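**Q** data_2.cif is reproduced below (mmCIF, C-alpha atoms (C1' of nucleotides)).
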data_upload
#
loop_
_atom_site.label_atom_id
_atom_site.label_comp_id
_atom_site.auth_asym_id
_atom_site.auth_seq_id
_atom_site.Cartn_x
_atom_site.Cartn_y
_atom_site.Cartn_z
CA MET A 1 -8.53 -0.67 10.16
CA PHE A 2 -11.34 1.84 9.73
CA ARG A 3 -12.99 1.97 6.36
CA PHE A 4 -14.53 5.10 4.85
CA ASP A 5 -17.60 5.06 2.68
CA LEU A 6 -17.18 8.07 0.43
CA SER A 7 -19.65 9.10 -2.22
CA PRO A 8 -18.36 11.57 -4.81
CA SER A 9 -21.87 12.21 -6.08
CA SER A 10 -23.08 13.46 -2.74
CA PRO A 11 -23.53 17.20 -2.31
CA THR A 12 -21.49 16.86 0.86
CA PRO A 13 -17.84 17.58 0.13
CA ILE A 14 -15.46 14.65 0.37
CA TYR A 15 -13.49 16.11 3.25
CA ARG A 16 -16.74 16.73 5.12
CA GLN A 17 -17.78 13.11 4.63
CA ILE A 18 -14.50 11.93 6.10
CA VAL A 19 -14.85 14.19 9.14
CA ASP A 20 -18.49 13.20 9.67
CA GLN A 21 -17.78 9.49 9.41
CA VAL A 22 -14.94 9.58 11.89
CA ALA A 23 -17.11 11.58 14.28
CA ARG A 24 -19.89 9.03 13.96
CA ALA A 25 -17.56 6.09 14.40
CA VAL A 26 -16.16 7.62 17.57
CA ALA A 27 -19.68 8.34 18.85
CA SER A 28 -20.68 4.75 18.22
CA GLY A 29 -17.55 3.26 19.71
CA SER A 30 -16.38 1.73 16.44
CA LEU A 31 -13.34 3.91 16.80
CA GLN A 32 -11.68 4.29 20.18
CA ALA A 33 -8.72 6.18 21.53
CA GLY A 34 -5.55 4.59 20.27
CA ASP A 35 -7.05 3.19 17.11
CA GLU A 36 -5.27 3.92 13.86
CA LEU A 37 -6.85 5.49 10.83
CA PRO A 38 -5.79 4.68 7.28
CA SER A 39 -3.04 6.88 5.90
CA VAL A 40 -3.70 9.94 3.76
CA ARG A 41 -2.26 8.14 0.75
CA ALA A 42 -4.17 4.93 1.32
CA VAL A 43 -7.52 6.72 1.56
CA ALA A 44 -6.69 8.93 -1.41
CA GLN A 45 -5.68 5.95 -3.52
CA GLN A 46 -8.55 3.73 -2.50
CA HIS A 47 -11.17 6.38 -3.10
CA VAL A 48 -9.43 8.07 -6.03
CA VAL A 49 -9.24 11.48 -4.42
CA ASN A 50 -6.31 13.80 -3.92
CA PRO A 51 -4.21 13.22 -0.81
CA MET A 52 -4.54 16.86 0.12
CA THR A 53 -8.29 16.44 0.33
CA VAL A 54 -7.90 13.63 2.83
CA SER A 55 -5.25 15.60 4.67
CA LYS A 56 -7.63 18.50 4.97
CA ALA A 57 -10.20 16.28 6.66
CA TYR A 58 -7.62 14.88 9.01
CA ALA A 59 -6.42 18.38 9.82
CA LEU A 60 -9.94 19.36 10.80
CA LEU A 61 -10.31 16.27 12.95
CA GLU A 62 -7.02 17.04 14.65
CA GLN A 63 -8.16 20.59 15.24
CA GLN A 64 -11.25 19.21 16.93
CA GLY A 65 -9.09 17.01 19.09
CA THR A 66 -10.60 13.86 17.64
CA ILE A 67 -7.36 12.50 16.21
CA GLU A 68 -3.64 13.08 16.41
CA ARG A 69 -1.58 13.39 13.27
CA ARG A 70 1.91 11.96 13.40
CA ARG A 71 4.22 12.62 10.52
CA GLY A 72 5.76 9.37 9.38
CA LEU A 73 3.45 7.31 11.49
CA GLY A 74 -0.09 8.10 10.43
CA MET A 75 -3.23 9.01 12.38
CA ILE A 76 -4.29 7.87 15.77
CA VAL A 77 -7.65 8.40 17.41
CA ARG A 78 -7.56 10.53 20.49
CA ALA A 79 -11.22 10.92 21.30
CA GLY A 80 -12.62 9.37 24.41
CA GLU A 81 -15.71 7.32 24.96
CA ALA A 82 -18.61 6.38 22.80
CA SER A 83 -21.66 8.55 23.15
CA ALA A 84 -24.93 7.67 24.78
CA LEU A 85 -27.85 6.80 22.55
CA ASP A 86 -29.51 10.18 22.83
CA GLU A 87 -26.37 11.90 21.66
CA ARG A 88 -26.10 9.52 18.75
CA LEU A 89 -29.71 10.08 17.87
CA ALA A 90 -28.99 13.81 17.86
CA LEU A 91 -26.33 13.13 15.23
CA LEU A 92 -28.84 11.16 13.18
CA GLN A 93 -31.53 13.80 13.50
CA PRO A 94 -30.52 16.07 10.57
CA ALA A 95 -30.74 13.11 8.19
CA LEU A 96 -34.15 12.20 9.56
CA ASP A 97 -35.31 15.81 9.31
CA HIS A 98 -34.33 15.84 5.67
CA ALA A 99 -35.99 12.52 4.91
CA ALA A 100 -39.13 13.73 6.67
CA ALA A 101 -39.18 16.99 4.74
CA VAL A 102 -38.69 15.19 1.45
CA SER A 103 -41.44 12.69 2.18
CA ARG A 104 -43.80 15.55 3.01
CA GLN A 105 -42.91 17.30 -0.21
CA LEU A 106 -43.68 14.06 -2.03
CA ALA A 107 -47.02 13.60 -0.25
CA ILE A 108 -45.78 10.30 1.13
CA THR A 109 -47.57 9.37 4.34
CA PRO A 110 -45.62 8.69 7.51
CA LYS A 111 -46.67 5.08 7.30
CA GLN A 112 -45.34 4.72 3.77
CA ALA A 113 -42.11 6.49 4.63
CA MET A 114 -41.60 4.30 7.66
CA ALA A 115 -42.17 1.15 5.63
CA ALA A 116 -39.64 2.31 3.07
CA LEU A 117 -37.07 3.10 5.74
CA LYS A 118 -37.63 -0.28 7.34
CA LEU A 119 -36.80 -1.97 4.05
CA THR A 120 -33.74 0.20 3.62
CA LEU A 121 -32.46 -0.53 7.11
CA GLU A 122 -32.98 -4.25 6.82
CA LEU A 123 -31.10 -4.75 3.60
CA PRO A 124 -27.52 -4.47 4.79
CA ASN A 125 -26.26 -6.34 1.77
CA LYS A 126 -27.68 -3.76 -0.54
CA VAL A 127 -25.11 -1.33 -1.80
CA ASN A 128 -26.07 1.82 -0.01
CA LEU A 129 -24.58 5.02 -1.23
CA ASP A 130 -23.61 7.05 1.74
CA GLU A 131 -24.22 10.77 1.99
CA MET B 1 -48.68 30.18 -4.45
CA PHE B 2 -45.93 27.61 -4.01
CA ARG B 3 -43.56 28.12 -1.13
CA PHE B 4 -39.93 27.01 -1.12
CA ASP B 5 -38.17 25.75 1.95
CA LEU B 6 -34.53 26.65 1.38
CA SER B 7 -31.76 25.89 3.79
CA PRO B 8 -28.52 27.81 3.25
CA SER B 9 -26.66 25.52 5.65
CA SER B 10 -27.42 22.43 3.60
CA PRO B 11 -24.60 21.00 1.51
CA THR B 12 -27.05 20.95 -1.37
CA PRO B 13 -26.68 24.13 -3.42
CA ILE B 14 -29.56 26.59 -3.27
CA TYR B 15 -30.43 26.25 -6.94
CA ARG B 16 -30.45 22.47 -6.57
CA GLN B 17 -32.84 22.71 -3.64
CA ILE B 18 -35.21 24.80 -5.72
CA VAL B 19 -35.11 22.35 -8.62
CA ASP B 20 -35.58 19.35 -6.32
CA GLN B 21 -38.49 20.88 -4.47
CA VAL B 22 -40.36 21.79 -7.62
CA ALA B 23 -39.78 18.28 -8.94
CA ARG B 24 -41.13 16.78 -5.74
CA ALA B 25 -44.13 19.08 -5.69
CA VAL B 26 -44.98 18.09 -9.25
CA ALA B 27 -44.54 14.42 -8.43
CA SER B 28 -46.87 14.76 -5.46
CA GLY B 29 -49.47 16.78 -7.32
CA SER B 30 -49.01 19.86 -5.13
CA LEU B 31 -48.01 21.64 -8.31
CA GLN B 32 -49.94 21.03 -11.46
CA ALA B 33 -49.76 22.24 -15.04
CA GLY B 34 -50.86 25.84 -15.19
CA ASP B 35 -49.86 26.69 -11.63
CA GLU B 36 -47.72 29.75 -11.12
CA LEU B 37 -44.44 29.80 -9.28
CA PRO B 38 -43.21 32.79 -7.30
CA SER B 39 -41.13 35.26 -9.26
CA VAL B 40 -37.35 35.23 -9.31
CA ARG B 41 -37.27 38.46 -7.33
CA ALA B 42 -39.83 37.31 -4.79
CA VAL B 43 -37.97 34.08 -4.03
CA ALA B 44 -34.64 35.89 -3.95
CA GLN B 45 -35.93 38.54 -1.58
CA GLN B 46 -37.80 36.17 0.68
CA HIS B 47 -34.89 33.78 1.04
CA VAL B 48 -32.15 36.42 0.84
CA VAL B 49 -30.41 34.92 -2.15
CA ASN B 50 -29.34 36.46 -5.41
CA PRO B 51 -31.97 36.59 -8.14
CA MET B 52 -29.57 35.00 -10.58
CA THR B 53 -29.36 31.95 -8.35
CA VAL B 54 -33.12 31.53 -8.49
CA SER B 55 -33.07 32.23 -12.21
CA LYS B 56 -30.54 29.48 -12.64
CA ALA B 57 -32.83 26.99 -10.96
CA TYR B 58 -35.77 28.08 -13.05
CA ALA B 59 -33.65 27.81 -16.18
CA LEU B 60 -32.83 24.20 -15.33
CA LEU B 61 -36.48 23.43 -14.66
CA GLU B 62 -37.44 24.98 -17.99
CA GLN B 63 -34.75 22.93 -19.68
CA GLN B 64 -36.28 19.81 -18.17
CA GLY B 65 -39.66 20.86 -19.45
CA THR B 66 -41.08 21.16 -15.95
CA ILE B 67 -41.89 24.87 -16.17
CA GLU B 68 -42.19 27.61 -18.74
CA ARG B 69 -40.49 30.92 -18.21
CA ARG B 70 -42.31 33.96 -19.44
CA ARG B 71 -40.52 37.27 -19.41
CA GLY B 72 -42.65 39.87 -17.72
CA LEU B 73 -45.15 37.32 -16.50
CA GLY B 74 -43.29 34.83 -14.32
CA MET B 75 -43.17 31.05 -14.24
CA ILE B 76 -45.86 28.60 -15.04
CA VAL B 77 -45.79 24.87 -14.43
CA ARG B 78 -45.89 22.77 -17.52
CA ALA B 79 -45.41 19.30 -16.14
CA GLY B 80 -48.20 16.79 -16.38
CA GLU B 81 -49.56 14.45 -13.79
CA ALA B 82 -48.54 13.52 -10.32
CA SER B 83 -46.44 10.42 -10.04
CA ALA B 84 -47.51 7.07 -8.68
CA LEU B 85 -46.43 6.15 -5.21
CA ASP B 86 -43.58 3.93 -6.31
CA GLU B 87 -42.07 6.73 -8.35
CA ARG B 88 -42.38 9.07 -5.41
CA LEU B 89 -40.79 6.52 -3.15
CA ALA B 90 -37.92 6.31 -5.61
CA LEU B 91 -37.41 10.05 -5.15
CA LEU B 92 -37.37 9.58 -1.39
CA GLN B 93 -34.96 6.67 -1.52
CA PRO B 94 -31.66 8.61 -1.58
CA ALA B 95 -32.64 10.40 1.64
CA LEU B 96 -33.54 7.10 3.24
CA ASP B 97 -30.30 5.51 2.05
CA HIS B 98 -28.38 8.31 3.68
CA ALA B 99 -30.31 8.14 6.94
CA ALA B 100 -29.79 4.37 6.99
CA ALA B 101 -26.06 4.69 6.38
CA VAL B 102 -25.72 7.31 9.11
CA SER B 103 -27.67 5.25 11.60
CA ARG B 104 -25.42 2.26 10.88
CA GLN B 105 -22.33 4.38 11.36
CA LEU B 106 -23.76 5.49 14.69
CA ALA B 107 -24.54 1.95 15.77
CA ILE B 108 -28.21 2.88 16.06
CA THR B 109 -30.46 -0.13 15.64
CA PRO B 110 -33.17 -0.20 12.99
CA LYS B 111 -35.76 -0.14 15.71
CA GLN B 112 -34.27 2.98 17.28
CA ALA B 113 -33.91 4.71 13.95
CA MET B 114 -37.48 3.90 13.03
CA ALA B 115 -38.76 5.25 16.32
CA ALA B 116 -36.81 8.46 15.79
CA LEU B 117 -38.16 8.87 12.27
CA LYS B 118 -41.67 8.26 13.50
CA LEU B 119 -41.31 11.11 15.97
CA THR B 120 -39.86 13.34 13.28
CA LEU B 121 -42.67 12.59 10.84
CA GLU B 122 -45.38 13.12 13.40
CA LEU B 123 -44.29 16.55 14.52
CA PRO B 124 -45.40 18.71 11.62
CA ASN B 125 -45.39 21.78 13.78
CA LYS B 126 -41.75 21.35 14.54
CA VAL B 127 -39.50 23.60 12.50
CA ASN B 128 -37.84 21.15 10.16
CA LEU B 129 -34.81 22.27 8.31
CA ASP B 130 -35.03 21.01 4.80
CA GLU B 131 -32.07 19.55 2.92
"C1'" DC C 1 22.26 3.08 4.89
"C1'" DA C 2 18.48 2.32 1.56
"C1'" DG C 3 13.90 1.60 0.75
"C1'" DA C 4 9.22 2.02 1.78
"C1'" DC C 5 6.20 3.92 4.10
"C1'" DT C 6 4.28 8.23 6.78
"C1'" DG C 7 2.29 13.45 6.65
"C1'" DT C 8 3.18 18.20 4.91
"C1'" DA C 9 4.12 22.17 2.03
"C1'" DT C 10 3.71 24.59 -2.11
"C1'" DT C 11 1.99 26.63 -6.31
"C1'" DA C 12 -1.16 27.22 -9.59
"C1'" DC C 13 -5.13 25.80 -11.56
"C1'" DA C 14 -10.05 24.41 -12.59
"C1'" DG C 15 -14.79 23.89 -11.57
"C1'" DT C 16 -18.84 25.09 -8.94
"C1'" DA C 17 -21.85 28.10 -6.49
"C1'" DG C 18 -23.18 32.38 -5.45
"C1'" DT C 19 -22.98 37.44 -5.56
"C1'" DA C 20 -23.58 42.63 -6.76
"C1'" DG C 21 -25.12 45.98 -9.58
"C1'" DT C 22 -26.96 47.74 -13.53
"C1'" DA C 23 -29.58 47.94 -17.45
"C1'" DC C 24 -32.50 45.97 -20.86
"C1'" DA C 25 -36.74 43.90 -22.56
"C1'" DG C 26 -41.50 42.35 -21.72
"C1'" DT C 27 -46.22 42.58 -19.50
"C1'" DA C 28 -50.19 44.57 -17.38
"C1'" DG C 29 -52.98 47.99 -15.35
"C1'" DA C 30 -54.32 52.71 -14.20
"C1'" DT D 1 -47.84 57.23 -20.83
"C1'" DC D 2 -46.30 55.90 -16.43
"C1'" DT D 3 -45.68 52.67 -12.91
"C1'" DA D 4 -44.82 48.38 -11.07
"C1'" DC D 5 -44.08 44.29 -11.82
"C1'" DT D 6 -41.84 40.31 -14.74
"C1'" DG D 7 -37.26 37.62 -16.45
"C1'" DT D 8 -32.61 38.25 -18.58
"C1'" DA D 9 -27.95 39.66 -19.68
"C1'" DC D 10 -23.56 40.89 -18.34
"C1'" DT D 11 -19.22 41.57 -15.89
"C1'" DA D 12 -16.29 40.77 -12.44
"C1'" DC D 13 -15.71 39.03 -8.23
"C1'" DT D 14 -15.51 35.88 -3.97
"C1'" DA D 15 -15.59 31.56 -1.63
"C1'" DC D 16 -15.32 26.80 -1.58
"C1'" DT D 17 -13.77 22.29 -3.15
"C1'" DG D 18 -10.66 19.63 -5.23
"C1'" DT D 19 -6.52 18.72 -8.07
"C1'" DA D 20 -1.57 17.77 -9.90
"C1'" DA D 21 3.04 17.38 -9.17
"C1'" DT D 22 6.96 17.65 -6.62
"C1'" DA D 23 9.82 17.76 -2.87
"C1'" DC D 24 10.67 17.83 1.93
"C1'" DA D 25 10.71 15.88 6.55
"C1'" DG D 26 9.81 11.96 9.66
"C1'" DT D 27 9.56 6.91 10.92
"C1'" DC D 28 10.51 2.17 10.63
"C1'" DT D 29 12.61 -2.05 8.95
"C1'" DG D 30 15.93 -5.00 6.76
#
How does this structure look as structure tokens?

**A**
Amino acid sequence: MFRFDLSPSSPTPIYRQIVDQVARAVASGSLQAGDELPSVRAVAQQHVVNPMTVSKAYALLEQQGTIERRRGLGMIVRAGEASALDERLALLQPALDHAAAVSRQLAITPKQAMAALKLTLELPNKVNLDE
Amino acid sequence: MFRFDLSPSSPTPIYRQIVDQVARAVASGSLQAGDELPSVRAVAQQHVVNPMTVSKAYALLEQQGTIERRRGLGMIVRAGEASALDERLALLQPALDHAAAVSRQLAITPKQAMAALKLTLELPNKVNLDE
DNA sequence: CAGACTGTATTACAGTAGTAGTACAGTAGA
DNA sequence: TCTACTGTACTACTACTGTAATACAGTCTG
């Protein structure tokens, strides 16, 4: 069962985080057509958010054709295949653009920024706050 | 004269972007005590935002002791010295954490993500959207 | 059928961010 | 003094995000 990683302190709204994470999971192949997503109530309870917030995200995803909402049954993924690497990289690009802009603003050299990212990427056990 | 790089499409509120960018510029030494910041009206006009939004950011910065607001004269930086590298890296860390989380969600390997960041960092002429 | 789950609808509210427009007060220079 | 800049105050508004509580409708299982 898919697991969301929601960060209330992020400037990105909760519902947006849900939508983005499902989109990414589909792009990466973690989620495939036919997979089930956790129920509105389960997500709301687990992440201590209002069910309507989760429902709003799922409504958007349904609108995009990514999932199908089934009253009484829950959500099912409808999207097709995982994306190629270049498409996935395009989805990563905004985050990289931001990190690059911030490092420039901080007068951090590319080399230093790269070293820091390398550490961040290689510490999967570290609790990373998403978004 | 300091130049802001504001992105209306970012989830980060405009006033927050202003505050963050001044903080980063001070940390990097780009802005030093005694430097002047552009006026509320100039920033508002240039970036097509309401002057009160800019004023709000400046008010926060004054509250933090980073700047001094002078009616009729404009803003002056009051903060002290640039930060050491490790402090600057700490300011970059949230952006790296996010990029790392997104790359994981997209099943992009560390090597691929690093290569993409390298390209992003080395294209200063590219129009990077901040935040 | 009852119970336990599923998603939805509804209403009203609160907080945050941002806005428009106007006027006031302060500063500096001609 | 006038002009052109400076920041602020104020009011009311809009848009967005998220919430609480409740009840309804749908599905499945024992």

**Q** What is the atom CA of Leu106 of chain A-atom CA of Arg88 of chain B distance in Å, reported with one decimal?

**A**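 Separation of atom CA of Leu106 of chain A and atom CA of Arg88 of chain B: 6.2 Å.
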
**Q** What does chain B look like once superposed on chain A, all Cα atoms paired in sequence order, least squares? Give it as a short mmCIF file (atom, residue, chain, number, x, y, z; two decimals) with C-alpha atoms, keeping the file's coordinate frame.

**A**
data_model
loop_
_atom_site.label_atom_id
_atom_site.label_comp_id
_atom_site.auth_asym_id
_atom_site.auth_seq_id
_atom_site.Cartn_x
_atom_site.Cartn_y
_atom_site.Cartn_z
CA MET B 1 -8.56 -0.71 10.13
CA PHE B 2 -11.36 1.81 9.70
CA ARG B 3 -13.01 1.98 6.32
CA PHE B 4 -14.54 5.12 4.83
CA ASP B 5 -17.61 5.09 2.67
CA LEU B 6 -17.19 8.12 0.42
CA SER B 7 -19.66 9.15 -2.21
CA PRO B 8 -18.38 11.61 -4.81
CA SER B 9 -21.91 12.27 -6.06
CA SER B 10 -23.09 13.49 -2.68
CA PRO B 11 -23.54 17.23 -2.26
CA THR B 12 -21.51 16.90 0.92
CA PRO B 13 -17.86 17.63 0.18
CA ILE B 14 -15.46 14.70 0.39
CA TYR B 15 -13.49 16.13 3.29
CA ARG B 16 -16.74 16.75 5.17
CA GLN B 17 -17.80 13.15 4.64
CA ILE B 18 -14.52 11.96 6.11
CA VAL B 19 -14.85 14.20 9.15
CA ASP B 20 -18.49 13.21 9.69
CA GLN B 21 -17.80 9.51 9.41
CA VAL B 22 -14.95 9.58 11.88
CA ALA B 23 -17.12 11.56 14.28
CA ARG B 24 -19.91 9.03 13.96
CA ALA B 25 -17.57 6.09 14.39
CA VAL B 26 -16.19 7.62 17.57
CA ALA B 27 -19.68 8.33 18.85
CA SER B 28 -20.69 4.74 18.22
CA GLY B 29 -17.55 3.25 19.72
CA SER B 30 -16.41 1.71 16.43
CA LEU B 31 -13.34 3.89 16.79
CA GLN B 32 -11.70 4.24 20.13
CA ALA B 33 -8.72 6.12 21.52
CA GLY B 34 -5.55 4.52 20.25
CA ASP B 35 -7.07 3.14 17.06
CA GLU B 36 -5.28 3.88 13.83
CA LEU B 37 -6.86 5.46 10.80
CA PRO B 38 -5.80 4.67 7.25
CA SER B 39 -3.07 6.88 5.87
CA VAL B 40 -3.72 9.93 3.74
CA ARG B 41 -2.27 8.17 0.71
CA ALA B 42 -4.19 4.96 1.29
CA VAL B 43 -7.54 6.74 1.55
CA ALA B 44 -6.72 8.95 -1.42
CA GLN B 45 -5.72 6.01 -3.56
CA GLN B 46 -8.58 3.78 -2.54
CA HIS B 47 -11.21 6.43 -3.11
CA VAL B 48 -9.46 8.14 -6.03
CA VAL B 49 -9.26 11.54 -4.40
CA ASN B 50 -6.36 13.87 -3.90
CA PRO B 51 -4.24 13.27 -0.82
CA MET B 52 -4.54 16.91 0.15
CA THR B 53 -8.30 16.51 0.37
CA VAL B 54 -7.90 13.68 2.85
CA SER B 55 -5.23 15.64 4.68
CA LYS B 56 -7.63 18.51 5.00
CA ALA B 57 -10.19 16.30 6.68
CA TYR B 58 -7.61 14.88 9.03
CA ALA B 59 -6.41 18.38 9.85
CA LEU B 60 -9.94 19.36 10.86
CA LEU B 61 -10.30 16.25 12.98
CA GLU B 62 -6.99 17.00 14.68
CA GLN B 63 -8.15 20.55 15.28
CA GLN B 64 -11.25 19.18 16.98
CA GLY B 65 -9.08 16.96 19.12
CA THR B 66 -10.59 13.80 17.66
CA ILE B 67 -7.34 12.45 16.21
CA GLU B 68 -3.62 13.04 16.42
CA ARG B 69 -1.56 13.36 13.29
CA ARG B 70 1.90 11.92 13.40
CA ARG B 71 4.22 12.59 10.52
CA GLY B 72 5.72 9.37 9.29
CA LEU B 73 3.42 7.26 11.41
CA GLY B 74 -0.15 8.08 10.40
CA MET B 75 -3.25 8.97 12.37
CA ILE B 76 -4.29 7.82 15.76
CA VAL B 77 -7.65 8.36 17.41
CA ARG B 78 -7.56 10.48 20.49
CA ALA B 79 -11.22 10.86 21.30
CA GLY B 80 -12.61 9.33 24.44
CA GLU B 81 -15.72 7.32 24.95
CA ALA B 82 -18.62 6.40 22.79
CA SER B 83 -21.64 8.61 23.13
CA ALA B 84 -24.92 7.74 24.77
CA LEU B 85 -27.82 6.87 22.57
CA ASP B 86 -29.48 10.25 22.82
CA GLU B 87 -26.33 11.97 21.63
CA ARG B 88 -26.07 9.56 18.74
CA LEU B 89 -29.69 10.14 17.88
CA ALA B 90 -28.96 13.85 17.82
CA LEU B 91 -26.30 13.17 15.18
CA LEU B 92 -28.83 11.20 13.16
CA GLN B 93 -31.51 13.85 13.45
CA PRO B 94 -30.50 16.08 10.52
CA ALA B 95 -30.72 13.10 8.15
CA LEU B 96 -34.13 12.22 9.53
CA ASP B 97 -35.29 15.83 9.26
CA HIS B 98 -34.31 15.83 5.63
CA ALA B 99 -35.97 12.50 4.87
CA ALA B 100 -39.11 13.73 6.62
CA ALA B 101 -39.16 16.98 4.66
CA VAL B 102 -38.67 15.14 1.37
CA SER B 103 -41.40 12.65 2.14
CA ARG B 104 -43.79 15.51 2.93
CA GLN B 105 -42.90 17.24 -0.31
CA LEU B 106 -43.65 13.99 -2.11
CA ALA B 107 -46.98 13.55 -0.35
CA ILE B 108 -45.75 10.25 1.07
CA THR B 109 -47.54 9.36 4.28
CA PRO B 110 -45.61 8.69 7.48
CA LYS B 111 -46.66 5.09 7.30
CA GLN B 112 -45.31 4.71 3.77
CA ALA B 113 -42.08 6.47 4.61
CA MET B 114 -41.59 4.31 7.67
CA ALA B 115 -42.15 1.15 5.68
CA ALA B 116 -39.61 2.29 3.10
CA LEU B 117 -37.04 3.09 5.77
CA LYS B 118 -37.62 -0.27 7.39
CA LEU B 119 -36.80 -1.99 4.12
CA THR B 120 -33.73 0.17 3.68
CA LEU B 121 -32.45 -0.54 7.18
CA GLU B 122 -33.01 -4.25 6.90
CA LEU B 123 -31.08 -4.77 3.71
CA PRO B 124 -27.50 -4.52 4.90
CA ASN B 125 -26.27 -6.40 1.89
CA LYS B 126 -27.68 -3.83 -0.42
CA VAL B 127 -25.11 -1.39 -1.73
CA ASN B 128 -26.03 1.79 0.07
CA LEU B 129 -24.61 4.99 -1.18
CA ASP B 130 -23.59 7.06 1.76
CA GLU B 131 -24.20 10.80 2.00
#

**Q** Give as a tab-separated table (two decimals) with C-alpha atoms (C1' of nucleotides), in the frame of the given file the residues that the PyMOL selection byres ((chain C) within 8 of (chain B)) matches when applied to the coordinates above.

**A**
chain	number	residue	atom	x	y	z
C	17	DA	C1'	-21.85	28.10	-6.49
C	18	DG	C1'	-23.18	32.38	-5.45
C	19	DT	C1'	-22.98	37.44	-5.56
C	26	DG	C1'	-41.50	42.35	-21.72
C	27	DT	C1'	-46.22	42.58	-19.50

**Q** Skip Arg16 of chain A itself and residues of its chain fewer than 4 positions away, then list as a ChimeraX atom specification all residues within 12 Å of it, counting only C-alpha atoms (C1' of nucleotides).

**A** /A:4-8,10-12,20-23,53-61,131 /B:11 /D:17

**Q** Taking into account all atoms listed in the file, which residue in the set A:Phe2, A:Leu89, A:Val48, A:Glu36 is nearest to chain D?

**A**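 That would be A:Val48, the residue with the smallest distance to chain D.
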
**Q** Between A:Ile76, A:Leu119, A:Met1, A:Ala25, single out the one closest to chain B, counting all atoms listed in the file.

**A**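 Closest candidate: A:Ala25.
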